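What follows is the content of coords-v4.txt, which has compact mmCIF, C-alpha atoms:
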```txt
# COMPACT_ATOMS: atom_id res chain seq x y z
CA MET A 1 -196.80 33.69 83.67
CA GLN A 2 -197.30 33.65 79.91
CA VAL A 3 -199.36 30.78 78.49
CA ILE A 4 -199.11 29.67 74.86
CA GLU A 5 -201.63 27.05 73.74
CA ASN A 6 -201.95 25.08 70.55
CA LEU A 7 -205.30 23.34 70.15
CA LYS A 8 -204.14 21.22 67.21
CA VAL A 9 -201.70 19.25 69.36
CA LYS A 10 -203.56 20.03 72.60
CA GLU A 11 -200.43 21.38 74.28
CA LYS A 12 -199.84 24.34 76.58
CA VAL A 13 -196.51 25.97 77.35
CA TYR A 14 -196.16 28.10 80.48
CA ILE A 15 -193.32 30.61 80.28
CA GLU A 16 -191.94 32.67 83.14
CA LYS A 17 -189.00 35.06 82.91
CA LEU A 18 -187.52 35.58 86.38
CA GLU A 19 -186.01 38.83 87.65
CA ASN A 20 -182.51 37.39 87.27
CA GLY A 21 -183.24 36.76 83.56
CA LEU A 22 -183.71 32.98 83.72
CA LYS A 23 -186.38 31.75 81.30
CA ILE A 24 -188.42 28.78 82.59
CA MET A 25 -190.72 26.83 80.27
CA VAL A 26 -193.13 24.23 81.64
CA ILE A 27 -194.99 21.77 79.39
CA PRO A 28 -197.47 19.86 81.62
CA LYS A 29 -198.25 16.23 80.68
CA GLU A 30 -201.00 14.92 82.94
CA ASN A 31 -200.76 11.32 84.17
CA MET A 32 -197.27 10.94 82.67
CA GLN A 33 -195.08 8.94 85.07
CA LYS A 34 -191.74 10.18 83.76
CA LYS A 35 -190.52 13.68 84.50
CA TYR A 36 -187.85 15.46 82.49
CA ILE A 37 -185.84 18.64 83.05
CA ILE A 38 -183.16 20.28 80.92
CA TRP A 39 -181.17 23.40 81.80
CA GLY A 40 -179.20 25.03 79.04
CA THR A 41 -176.87 27.95 78.53
CA ASN A 42 -176.51 29.80 75.26
CA PHE A 43 -172.81 28.94 75.06
CA GLY A 44 -171.49 26.52 72.45
CA SER A 45 -168.39 25.71 70.45
CA ILE A 46 -168.80 28.68 68.09
CA ASP A 47 -168.59 31.19 70.96
CA ASN A 48 -164.83 31.55 71.11
CA THR A 49 -164.51 35.34 70.59
CA PHE A 50 -166.62 37.85 72.52
CA ILE A 51 -166.74 41.10 74.46
CA LEU A 52 -167.97 40.64 78.01
CA PRO A 53 -170.28 43.14 79.76
CA GLY A 54 -168.26 46.06 81.14
CA GLU A 55 -165.23 45.28 78.96
CA LYS A 56 -164.06 46.97 75.75
CA GLU A 57 -161.51 44.47 74.47
CA ALA A 58 -162.49 41.18 72.86
CA THR A 59 -161.70 37.93 74.67
CA LYS A 60 -160.46 35.00 72.54
CA ILE A 61 -160.62 31.59 74.20
CA PRO A 62 -159.19 28.23 73.03
CA ASP A 63 -161.42 25.95 70.96
CA GLY A 64 -163.32 23.41 73.06
CA VAL A 65 -163.94 25.49 76.22
CA ALA A 66 -167.75 25.05 76.21
CA HIS A 67 -167.36 21.26 76.00
CA PHE A 68 -164.59 21.30 78.64
CA LEU A 69 -166.86 23.25 81.00
CA GLU A 70 -169.63 20.68 80.51
CA HIS A 71 -167.24 17.90 81.56
CA LYS A 72 -166.06 19.76 84.65
CA MET A 73 -169.46 20.72 86.06
CA PHE A 74 -170.11 17.34 87.73
CA GLU A 75 -167.07 17.29 90.02
CA GLN A 76 -167.83 18.53 93.55
CA ARG A 77 -165.64 20.02 96.28
CA ASN A 78 -166.27 17.02 98.55
CA GLY A 79 -164.79 14.66 95.94
CA THR A 80 -168.11 13.26 94.71
CA ASN A 81 -169.37 13.23 91.13
CA SER A 82 -172.96 14.42 90.63
CA LEU A 83 -173.62 11.93 87.82
CA ASP A 84 -172.85 9.09 90.26
CA THR A 85 -174.97 10.71 92.99
CA LEU A 86 -177.98 10.96 90.64
CA SER A 87 -177.48 7.45 89.30
CA ASN A 88 -177.46 6.07 92.86
CA ILE A 89 -181.01 7.36 93.43
CA GLY A 90 -182.26 5.87 90.15
CA VAL A 91 -182.12 9.03 88.06
CA ASP A 92 -180.85 9.04 84.48
CA ALA A 93 -178.73 12.20 84.07
CA ASN A 94 -176.59 13.48 81.21
CA ALA A 95 -175.20 16.57 79.49
CA TYR A 96 -174.16 17.62 75.99
CA THR A 97 -172.54 20.48 74.08
CA THR A 98 -173.55 21.67 70.61
CA ASN A 99 -172.35 24.44 68.34
CA ASP A 100 -174.51 27.03 70.10
CA HIS A 101 -175.55 25.71 73.52
CA THR A 102 -174.64 23.45 76.43
CA ALA A 103 -177.30 21.52 78.35
CA TYR A 104 -177.63 19.51 81.56
CA LEU A 105 -180.58 17.18 82.03
CA TYR A 106 -182.14 14.30 83.86
CA GLU A 107 -185.17 12.05 83.61
CA ALA A 108 -186.85 10.53 86.66
CA THR A 109 -189.87 8.47 87.60
CA ASP A 110 -189.19 8.67 91.34
CA ASN A 111 -187.03 10.95 93.52
CA PHE A 112 -187.49 13.92 91.16
CA TYR A 113 -187.14 16.59 93.86
CA GLU A 114 -184.23 14.86 95.59
CA ALA A 115 -182.52 14.83 92.19
CA LEU A 116 -183.46 18.49 91.66
CA ASP A 117 -181.45 19.43 94.79
CA GLU A 118 -178.31 17.81 93.38
CA PHE A 119 -178.96 19.01 89.81
CA MET A 120 -179.36 22.67 90.69
CA ASP A 121 -176.48 22.48 93.16
CA TYR A 122 -173.86 21.26 90.68
CA VAL A 123 -174.93 23.52 87.81
CA GLN A 124 -174.69 26.57 90.10
CA ASN A 125 -171.47 25.63 91.95
CA PRO A 126 -168.46 25.10 89.68
CA TYR A 127 -165.28 23.69 91.19
CA TYR A 128 -162.10 24.05 89.14
CA THR A 129 -158.54 23.57 90.38
CA ASP A 130 -155.23 23.41 88.52
CA GLU A 131 -155.09 19.69 89.30
CA ASN A 132 -158.59 18.68 88.22
CA VAL A 133 -158.34 20.77 85.03
CA GLU A 134 -155.09 19.03 84.07
CA LYS A 135 -156.61 15.63 84.81
CA GLU A 136 -159.61 16.41 82.60
CA LYS A 137 -157.33 17.25 79.65
CA GLY A 138 -156.27 13.61 79.56
CA ILE A 139 -159.87 12.37 79.66
CA ILE A 140 -161.02 14.76 76.91
CA GLY A 141 -157.88 13.98 74.91
CA GLN A 142 -159.00 10.33 74.78
CA GLU A 143 -162.46 11.44 73.66
CA ILE A 144 -160.93 13.56 70.87
CA LYS A 145 -158.91 10.56 69.62
CA MET A 146 -162.06 8.44 69.68
CA TYR A 147 -163.89 10.98 67.50
CA ASP A 148 -160.89 11.23 65.19
CA ASP A 149 -161.25 7.49 64.51
CA ASN A 150 -164.97 7.76 63.74
CA GLY A 151 -165.63 7.76 59.98
CA GLU A 152 -169.10 9.31 60.16
CA TRP A 153 -167.81 12.13 62.36
CA GLU A 154 -164.89 12.73 59.98
CA ALA A 155 -167.23 12.93 56.97
CA TYR A 156 -169.43 15.43 58.83
CA ARG A 157 -166.51 17.61 60.02
CA ASN A 158 -164.95 17.71 56.55
CA ALA A 159 -168.29 18.75 55.02
CA LEU A 160 -168.40 21.70 57.45
CA LYS A 161 -164.80 22.65 56.59
CA ASN A 162 -165.70 22.44 52.91
CA MET A 163 -168.52 24.96 53.44
CA TYR A 164 -166.93 27.37 55.92
CA GLU A 165 -163.38 28.64 55.63
CA ASN A 166 -163.19 30.93 58.67
CA HIS A 167 -166.37 30.47 60.70
CA PRO A 168 -166.02 28.58 64.04
CA ILE A 169 -168.90 26.29 63.01
CA ALA A 170 -166.16 24.29 61.24
CA ILE A 171 -164.09 23.67 64.40
CA LYS A 172 -164.51 20.52 66.48
CA ILE A 173 -166.96 20.95 69.35
CA GLU A 174 -164.51 19.21 71.66
CA GLY A 175 -161.51 21.17 70.33
CA ASP A 176 -158.23 19.40 69.60
CA ILE A 177 -155.28 18.25 71.70
CA ASP A 178 -153.42 21.53 71.16
CA SER A 179 -156.37 23.83 71.95
CA ILE A 180 -157.43 22.05 75.15
CA SER A 181 -153.83 22.17 76.41
CA LYS A 182 -154.28 25.98 76.64
CA ILE A 183 -157.38 25.80 78.87
CA ASP A 184 -156.88 26.74 82.53
CA LYS A 185 -159.15 27.25 85.55
CA GLU A 186 -159.15 31.05 85.08
CA THR A 187 -160.59 30.67 81.57
CA LEU A 188 -163.22 28.25 82.82
CA TYR A 189 -164.32 30.52 85.69
CA LYS A 190 -164.42 33.55 83.38
CA CYS A 191 -166.67 31.75 80.90
CA TYR A 192 -168.81 30.20 83.63
CA ASN A 193 -169.39 33.50 85.46
CA ASN A 194 -170.64 35.15 82.28
CA PHE A 195 -172.23 32.50 80.08
CA TYR A 196 -173.77 30.60 83.01
CA ASN A 197 -175.47 33.71 84.34
CA PRO A 198 -179.26 33.05 84.58
CA SER A 199 -179.90 35.81 82.02
CA ASN A 200 -178.12 33.63 79.41
CA MET A 201 -179.91 30.40 80.40
CA THR A 202 -183.21 28.60 79.77
CA MET A 203 -184.82 25.73 81.67
CA VAL A 204 -187.48 23.42 80.23
CA ILE A 205 -189.53 21.05 82.39
CA CYS A 206 -191.91 18.44 81.03
CA GLY A 207 -194.13 16.00 82.93
CA ASP A 208 -197.04 15.84 85.34
CA PHE A 209 -196.46 19.24 87.00
CA LYS A 210 -198.56 22.18 88.10
CA PRO A 211 -196.62 25.06 86.45
CA GLU A 212 -196.75 27.50 89.40
CA GLU A 213 -195.65 24.80 91.86
CA ILE A 214 -192.62 23.61 89.90
CA VAL A 215 -191.53 27.19 89.14
CA ASN A 216 -191.65 27.94 92.88
CA GLU A 217 -189.55 24.84 93.58
CA ILE A 218 -186.98 26.10 91.06
CA LYS A 219 -186.94 29.56 92.65
CA LYS A 220 -186.26 28.05 96.10
CA ARG A 221 -183.11 26.36 94.79
CA LEU A 222 -181.72 29.28 92.78
CA ILE A 223 -178.62 31.02 94.13
CA PRO A 224 -179.16 34.82 94.00
CA LYS A 225 -177.25 36.28 91.06
CA GLU A 226 -177.37 39.70 89.46
CA LYS A 227 -178.55 39.86 85.88
CA ILE A 228 -175.65 40.86 83.60
CA GLY A 229 -175.60 42.84 80.37
CA GLU A 230 -175.47 41.32 76.93
CA ILE A 231 -172.40 39.36 75.86
CA GLN A 232 -171.30 40.64 72.45
CA ARG A 233 -170.41 37.58 70.40
CA ILE A 234 -168.03 38.09 67.48
CA TYR A 235 -168.28 35.87 64.39
CA PRO A 236 -166.55 36.33 61.03
CA LYS A 237 -168.67 37.29 58.03
CA ILE A 238 -169.89 34.23 56.16
CA GLU A 239 -168.53 34.10 52.62
CA LYS A 240 -170.73 33.32 49.65
CA GLY A 241 -170.33 29.91 48.08
CA VAL A 242 -168.37 26.98 49.48
CA ASN A 243 -164.74 26.83 50.50
CA LYS A 244 -164.09 23.46 48.78
CA LYS A 245 -166.18 21.37 46.41
CA GLU A 246 -164.92 17.98 47.53
CA THR A 247 -162.89 16.18 50.18
CA GLN A 248 -161.90 12.50 50.17
CA VAL A 249 -160.02 10.66 52.93
CA GLN A 250 -159.34 7.03 53.78
CA MET A 251 -160.20 5.42 57.12
CA GLU A 252 -161.00 2.04 58.66
CA VAL A 253 -164.59 1.79 57.38
CA SER A 254 -166.35 -1.13 55.70
CA ASN A 255 -168.17 0.93 53.04
CA PRO A 256 -167.67 4.45 51.68
CA LEU A 257 -169.41 7.11 53.81
CA PHE A 258 -170.61 10.39 52.34
CA VAL A 259 -172.02 13.75 53.34
CA ILE A 260 -173.46 15.95 50.62
CA ALA A 261 -173.97 19.45 51.99
CA PHE A 262 -175.59 22.70 50.84
CA LYS A 263 -174.61 25.96 52.50
CA ASP A 264 -177.60 28.26 53.02
CA PRO A 265 -176.60 31.46 51.15
CA ILE A 266 -179.06 33.73 52.98
CA TYR A 267 -176.62 34.04 55.90
CA SER A 268 -174.13 35.73 53.56
CA GLU A 269 -176.63 38.44 52.60
CA GLU A 270 -177.09 40.92 55.44
CA GLU A 271 -180.00 42.67 53.73
CA LYS A 272 -181.99 39.38 53.85
CA LEU A 273 -181.36 38.54 57.51
CA VAL A 274 -184.39 40.55 58.72
CA GLU A 275 -186.59 38.57 56.32
CA LEU A 276 -184.96 35.35 57.56
CA GLU A 277 -185.73 36.24 61.19
CA GLN A 278 -189.43 36.33 60.30
CA ASN A 279 -189.35 33.13 58.21
CA LYS A 280 -186.94 30.74 59.98
CA VAL A 281 -189.58 28.13 60.73
CA LYS A 282 -191.30 28.43 57.37
CA ARG A 283 -187.93 28.07 55.59
CA HIS A 284 -187.05 25.00 57.66
CA ILE A 285 -190.34 23.27 56.79
CA ALA A 286 -189.93 24.07 53.07
CA ILE A 287 -186.38 22.64 53.07
CA GLU A 288 -187.57 19.44 54.74
CA ILE A 289 -190.28 18.98 52.12
CA ILE A 290 -187.80 19.51 49.26
CA LEU A 291 -185.30 17.05 50.77
CA TYR A 292 -187.96 14.33 51.01
CA MET A 293 -189.04 15.04 47.43
CA LEU A 294 -185.46 14.70 46.23
CA LEU A 295 -184.17 11.74 48.23
CA GLY A 296 -186.85 10.55 50.67
CA ARG A 297 -187.80 6.87 50.83
CA SER A 298 -190.67 7.36 48.33
CA SER A 299 -188.64 9.44 45.84
CA ASN A 300 -187.71 8.13 42.38
CA LEU A 301 -184.02 8.88 42.95
CA TYR A 302 -183.88 6.87 46.18
CA LYS A 303 -185.66 3.89 44.60
CA THR A 304 -183.34 3.91 41.57
CA LEU A 305 -180.11 4.22 43.57
CA TYR A 306 -181.21 1.60 46.10
CA GLU A 307 -182.28 -0.91 43.44
CA GLN A 308 -178.94 -0.43 41.65
CA GLY A 309 -177.10 -1.16 44.92
CA ILE A 310 -175.44 2.28 44.91
CA LEU A 311 -177.25 3.57 48.00
CA LEU A 312 -176.93 1.13 50.91
CA ASN A 313 -179.44 2.68 53.31
CA GLN A 314 -181.93 5.52 53.70
CA PRO A 315 -179.76 8.65 53.96
CA ASP A 316 -180.19 11.07 56.86
CA LEU A 317 -181.69 14.35 55.64
CA SER A 318 -181.33 17.41 57.87
CA TYR A 319 -181.23 21.19 57.96
CA GLU A 320 -179.19 22.65 60.82
CA PHE A 321 -179.44 26.35 61.55
CA SER A 322 -179.08 29.03 64.19
CA LYS A 323 -179.10 32.83 64.18
CA HIS A 324 -175.65 32.75 62.58
CA TYR A 325 -175.45 29.88 60.06
CA GLY A 326 -177.52 27.34 58.18
CA TYR A 327 -176.71 24.24 56.13
CA ILE A 328 -178.30 21.10 54.71
CA MET A 329 -176.68 17.69 55.12
CA ILE A 330 -177.47 14.43 53.33
CA SER A 331 -175.44 11.56 54.78
CA GLY A 332 -175.24 7.82 54.43
CA GLN A 333 -173.32 4.85 52.99
CA SER A 334 -172.82 4.17 49.31
CA LYS A 335 -170.79 1.98 46.96
CA ASP A 336 -170.30 5.08 44.80
CA PRO A 337 -170.98 8.44 46.53
CA LYS A 338 -170.15 10.41 43.35
CA LYS A 339 -173.08 8.76 41.56
CA ILE A 340 -175.40 9.90 44.34
CA SER A 341 -174.05 13.43 44.01
CA GLU A 342 -174.55 13.42 40.24
CA GLY A 343 -178.01 11.88 40.55
CA LEU A 344 -178.97 14.54 43.07
CA LYS A 345 -177.77 17.36 40.80
CA ASN A 346 -179.85 15.96 37.94
CA GLU A 347 -182.92 15.56 40.17
CA ILE A 348 -182.60 19.14 41.41
CA GLN A 349 -182.33 20.45 37.86
CA LYS A 350 -185.33 18.37 36.80
CA LEU A 351 -187.37 19.68 39.76
CA LYS A 352 -186.48 23.26 38.83
CA GLU A 353 -187.38 22.77 35.16
CA ASP A 354 -190.55 20.65 35.56
CA GLY A 355 -191.80 22.44 38.67
CA ILE A 356 -192.90 20.98 41.99
CA ASN A 357 -195.70 18.45 41.70
CA GLU A 358 -198.54 19.70 43.92
CA GLU A 359 -199.83 16.23 44.80
CA THR A 360 -196.37 15.00 45.90
CA PHE A 361 -195.77 18.26 47.74
CA SER A 362 -199.05 17.93 49.65
CA ARG A 363 -198.41 14.29 50.56
CA ILE A 364 -194.93 14.96 51.95
CA LYS A 365 -196.12 18.08 53.72
CA LYS A 366 -198.75 16.01 55.55
CA LYS A 367 -196.12 13.41 56.49
CA ILE A 368 -193.87 16.09 57.99
CA TYR A 369 -196.81 17.57 59.91
CA GLY A 370 -197.49 14.10 61.31
CA ASP A 371 -193.84 13.86 62.43
CA TYR A 372 -194.16 17.19 64.27
CA VAL A 373 -197.31 16.03 66.08
CA THR A 374 -195.71 12.69 67.03
CA GLU A 375 -192.81 14.49 68.73
CA TYR A 376 -195.24 15.67 71.41
CA ASN A 377 -195.62 12.08 72.63
CA ASN A 378 -192.05 11.97 73.93
CA ILE A 379 -191.14 14.21 76.89
CA GLU A 380 -187.41 14.05 76.12
CA GLU A 381 -187.92 15.18 72.52
CA ILE A 382 -190.31 17.93 73.64
CA ALA A 383 -187.90 19.38 76.21
CA MET A 384 -184.80 19.23 73.99
CA MET A 385 -186.75 20.74 71.09
CA PHE A 386 -188.08 23.65 73.14
CA LEU A 387 -184.63 24.39 74.57
CA ALA A 388 -182.82 24.36 71.20
CA ASP A 389 -185.57 26.39 69.52
CA SER A 390 -185.58 28.92 72.36
CA PHE A 391 -181.92 29.76 71.71
CA LYS A 392 -182.82 30.26 68.02
CA GLY A 393 -185.55 32.73 69.00
CA ILE A 394 -188.33 30.28 68.10
CA ASN A 395 -191.26 28.86 70.02
CA SER A 396 -191.48 25.19 68.99
CA LEU A 397 -195.27 25.40 68.60
CA ASP A 398 -194.65 27.78 65.68
CA TYR A 399 -193.93 24.71 63.50
CA ILE A 400 -197.55 23.59 63.87
CA GLU A 401 -198.81 27.07 62.91
CA GLU A 402 -196.34 27.92 60.12
CA TYR A 403 -196.99 24.61 58.38
CA ASN A 404 -200.09 26.05 56.70
CA PHE A 405 -198.15 28.96 55.17
CA VAL A 406 -195.63 26.81 53.27
CA THR A 407 -196.87 26.86 49.68
CA VAL A 408 -195.53 25.33 46.46
CA GLU A 409 -194.53 28.84 45.34
CA TYR A 410 -192.55 29.46 48.53
CA ALA A 411 -190.86 26.03 48.30
CA LYS A 412 -189.86 26.82 44.68
CA GLN A 413 -188.24 30.06 45.90
CA VAL A 414 -186.25 28.16 48.56
CA LEU A 415 -185.29 25.46 46.03
CA ASP A 416 -183.84 28.09 43.69
CA GLU A 417 -182.00 29.89 46.51
CA ILE A 418 -180.24 27.01 48.24
CA PHE A 419 -180.11 23.98 45.98
CA SER A 420 -177.44 25.07 43.50
CA THR A 421 -173.99 23.74 42.66
CA ASP A 422 -172.46 27.00 44.01
CA ASN A 423 -173.64 26.03 47.49
CA MET A 424 -172.93 22.29 47.18
CA THR A 425 -170.03 20.19 48.46
CA ILE A 426 -169.33 16.52 49.10
CA SER A 427 -167.23 14.83 51.79
CA ILE A 428 -166.30 11.16 51.32
CA VAL A 429 -164.61 8.68 53.65
CA ASN A 430 -163.32 5.70 51.69
CA PRO A 431 -162.21 2.35 53.11
CA LYS A 432 -158.43 1.96 53.35
CA LYS A 433 -157.05 -0.03 50.46
```
So that I can check it, write out the structure of this file as structure tokens.
Amino acid sequence: MQVIENLKVKEKVYIEKLENGLKIMVIPKENMQKKYIIWGTNFGSIDNTFILPGEKEATKIPDGVAHFLEHKMFEQRNGTNSLDTLSNIGVDANAYTTNDHTAYLYEATDNFYEALDEFMDYVQNPYYTDENVEKEKGIIGQEIKMYDDNGEWEAYRNALKNMYENHPIAIKIEGDIDSISKIDKETLYKCYNNFYNPSNMTMVICGDFKPEEIVNEIKKRLIPKEKIGEIQRIYPKIEKGVNKKETQVQMEVSNPLFVIAFKDPIYSEEEKLVELEQNKVKRHIAIEIILYMLLGRSSNLYKTLYEQGILLNQPDLSYEFSKHYGYIMISGQSKDPKKISEGLKNEIQKLKEDGINEETFSRIKKKIYGDYVTEYNNIEEIAMMFLADSFKGINSLDYIEEYNFVTVEYAKQVLDEIFSTDNMTISIVNPKK
């Protein structure tokens, strides 16, 4: 068992790769009453075209299959639903699908091992019939309509479509009514049997555990499965620049909603992808620092826009990335989103011309480091972070180490690369008149 320790946050991660390919990560937290487990597969909404091991032809599946699979995993042959079973023993269970992975999880104070029996049973034993697949289409159809009526979701989706013309990152995670109508049990079993193979999965466990003991408990409950070869995922080449500079729609919202996005251009330049692989964490930290300098709560632009009543709340600032795409999103509510966009452009230009203030840079860098350290107080955040980072090829503890290597000079390089009008788009949802 591999052990990775970070003395700065006083954390150890125990990693074991089983013969069937399953990666298990254990983060012990002594004297913690809650226990948390999350089991994920590297299969998300963007994985809709691929070549399976042993096949030569590409398989194209309808949009929304990964999310559909997540919904269907809880239904058992005996007519029970595993979410209800876990809830009845006082265990809080859930699941979610993202662009690049699907995860099943639960948190427990008591009955952890009783819950583990049910948890590992339903994730390893899919049950799809023509009837239950058709029934689920109606349930997911209602969910799709609910998302379609959500202004924040619409602003986010339109920002993605503005950045990416052909990449599946721009499709809805849940698919649409037309795409889910094409899903059948054969498609679900085909995707399950390949993407839910242990060699494509990672499990993270956090709580008061002895690593060897909990890994042995996991092994006892694993159904023997042969490790399969690599699934060749097919994604279109990412174009330089954005697809559309602006999108505006009207919906039932009280105030205008906005998402200002920057597409990371490095994913369009194949010769730079090797460099990116070595600097993913460092790049992420630099982008976070720049975002806080531009529009964080202590920034001049935020104070000005807030005092003028243009910005109604502290905007969300994020950088989302994987091995295949990367983008920045700034989202919030505003009386005049265009003024925020213009103010941001001016602030970026000013930062490029005047240079990055070292004192401000150092202060924000320390704040971000503090945020990283604080995350280790929450077992849910720890487990979800380690799972998501694992599928990106990152060990989460790297953020604590790479922090020291983010310099003003490196941040200036990232500022020049990403924060330009060529990579910028805005999505606005206005109230209906």
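Neighbours of A:Ile238 closer than or equal to 7 Å, with only C-alpha atoms counted and sequence neighbours fewer than 5 positions away skipped, come out as A:His167, A:Tyr267, A:Ser268.
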Subject >> Nearby residues (only C-alpha atoms) at most 12 Å from A:Lys335, same-chain spacing under 2 positions excluded, as a PyMOL selection string >> reply: chain A and resi 254-258+305-306+308-313+332-333+337-340+428-431
**OP:** Give me, please, the distance in Å between atom CA of A:Lys366 and atom CA of A:Ile328, quoted to one decimal.
**Re:**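 One can read the atom CA of A:Lys366 to atom CA of A:Ile328 distance as 21.1 Å.
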Subject >> Neighbour list for stretch 202-204 of chain A as number ranges by chain, cut-off 10 Å, all atoms listed in the file, skip fewer than 4 positions in-chain >> reply: A: 13-15, 17, 21-27, 36-42, 103-105, 198, 218, 382-388, 390-391
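If you measure from each of A:Ile231, A:Met293, A:Val274, A:Ile285 to A:Glu320 using all atoms listed in the file, the closest one turns out to be A:Ile285.
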**OP:** Could you give me, as JSON, numbers by chain, the residues that sit within 12 Å of (-163.6, 23.8, 85.7) in the file's coordinates, counting only C-alpha atoms?
**Re:** {"A": [65, 66, 67, 68, 69, 70, 71, 72, 73, 74, 75, 76, 77, 122, 123, 125, 126, 127, 128, 129, 130, 131, 132, 133, 134, 135, 136, 137, 183, 184, 185, 186, 187, 188, 189, 190, 191, 192, 193]}
Write out as a PDB file with C-alpha atoms, in the coordinates of the input each polymer residue whose atoms come within 12 Å of A:Tyr369, counting all atoms listed in the file; drop sequence neighbours fewer than 3 positions from it.
```
ATOM      1  CA  LYS A   8    -204.140  21.220  67.210  1.00  0.00           C
ATOM      2  CA  VAL A   9    -201.700  19.250  69.360  1.00  0.00           C
ATOM      3  CA  ILE A 285    -190.340  23.270  56.790  1.00  0.00           C
ATOM      4  CA  ALA A 286    -189.930  24.070  53.070  1.00  0.00           C
ATOM      5  CA  GLU A 288    -187.570  19.440  54.740  1.00  0.00           C
ATOM      6  CA  ILE A 289    -190.280  18.980  52.120  1.00  0.00           C
ATOM      7  CA  SER A 362    -199.050  17.930  49.650  1.00  0.00           C
ATOM      8  CA  ARG A 363    -198.410  14.290  50.560  1.00  0.00           C
ATOM      9  CA  ILE A 364    -194.930  14.960  51.950  1.00  0.00           C
ATOM     10  CA  LYS A 365    -196.120  18.080  53.720  1.00  0.00           C
ATOM     11  CA  LYS A 366    -198.750  16.010  55.550  1.00  0.00           C
ATOM     12  CA  TYR A 372    -194.160  17.190  64.270  1.00  0.00           C
ATOM     13  CA  VAL A 373    -197.310  16.030  66.080  1.00  0.00           C
ATOM     14  CA  THR A 374    -195.710  12.690  67.030  1.00  0.00           C
ATOM     15  CA  GLU A 375    -192.810  14.490  68.730  1.00  0.00           C
ATOM     16  CA  TYR A 376    -195.240  15.670  71.410  1.00  0.00           C
ATOM     17  CA  LEU A 397    -195.270  25.400  68.600  1.00  0.00           C
ATOM     18  CA  ASP A 398    -194.650  27.780  65.680  1.00  0.00           C
ATOM     19  CA  TYR A 399    -193.930  24.710  63.500  1.00  0.00           C
ATOM     20  CA  ILE A 400    -197.550  23.590  63.870  1.00  0.00           C
ATOM     21  CA  GLU A 401    -198.810  27.070  62.910  1.00  0.00           C
ATOM     22  CA  GLU A 402    -196.340  27.920  60.120  1.00  0.00           C
ATOM     23  CA  TYR A 403    -196.990  24.610  58.380  1.00  0.00           C
ATOM     24  CA  ASN A 404    -200.090  26.050  56.700  1.00  0.00           C
ATOM     25  CA  VAL A 406    -195.630  26.810  53.270  1.00  0.00           C
TER      26      VAL A 406
END
```
**OP:** Show which residues sit within 10 Å of A:Tyr292, as a ChimeraX atom specification. Count all atoms listed in the file, and ignore same-chain residues fewer than 2 positions away.
**Re:** /A:287-290,294-299,302,317,360-361,364-365,367-368
Original post:
Which one of A:Gln2, A:Ser396, A:Asn194, A:Ser420 sits closest to A:Val242 if you count all atoms listed in the file?
Top reply: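 So, comparing all the options, the nearest one is A:Ser420.
Atom pair atom CA of A:Gly241 / atom CA of A:Thr97: separated by 27.7 Å.
The interatomic distance for the pair atom CA of A:Gln232 and atom CA of A:Pro53 works out to 7.8 Å.
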Original post:
Which of these, A:Met146, A:Leu222, A:Val408, A:Ile418, has the shortest distance to A:Met120 once you count all atoms listed in the file?
Top reply: A:Leu222
Could you give me stretch 106-115 of chain A completed to N, CA and C atoms, formatted as a short mmCIF file (atom, residue, chain, number, x, y, z; two decimals), in the coordinates of the input?
```cif
data_model
loop_
_atom_site.label_atom_id
_atom_site.label_comp_id
_atom_site.auth_asym_id
_atom_site.auth_seq_id
_atom_site.Cartn_x
_atom_site.Cartn_y
_atom_site.Cartn_z
N TYR A 106 -181.88 15.61 83.28
CA TYR A 106 -182.14 14.30 83.86
C TYR A 106 -183.60 13.92 83.67
N GLU A 107 -183.84 12.62 83.73
CA GLU A 107 -185.17 12.05 83.61
C GLU A 107 -185.41 11.18 84.84
N ALA A 108 -186.58 11.30 85.44
CA ALA A 108 -186.85 10.53 86.66
C ALA A 108 -188.31 10.09 86.72
N THR A 109 -188.52 8.92 87.27
CA THR A 109 -189.87 8.47 87.60
C THR A 109 -190.13 8.73 89.08
N ASP A 110 -189.13 8.41 89.91
CA ASP A 110 -189.19 8.67 91.34
C ASP A 110 -188.04 9.60 91.73
N ASN A 111 -188.12 10.12 92.94
CA ASN A 111 -187.03 10.95 93.52
C ASN A 111 -186.72 12.21 92.69
N PHE A 112 -187.74 12.75 92.01
CA PHE A 112 -187.49 13.92 91.16
C PHE A 112 -186.94 15.10 91.96
N TYR A 113 -187.55 15.40 93.12
CA TYR A 113 -187.14 16.59 93.86
C TYR A 113 -185.82 16.39 94.61
N GLU A 114 -185.54 15.16 95.02
CA GLU A 114 -184.23 14.86 95.59
C GLU A 114 -183.15 15.07 94.53
N ALA A 115 -183.45 14.64 93.31
CA ALA A 115 -182.52 14.83 92.19
C ALA A 115 -182.38 16.32 91.85
#
```
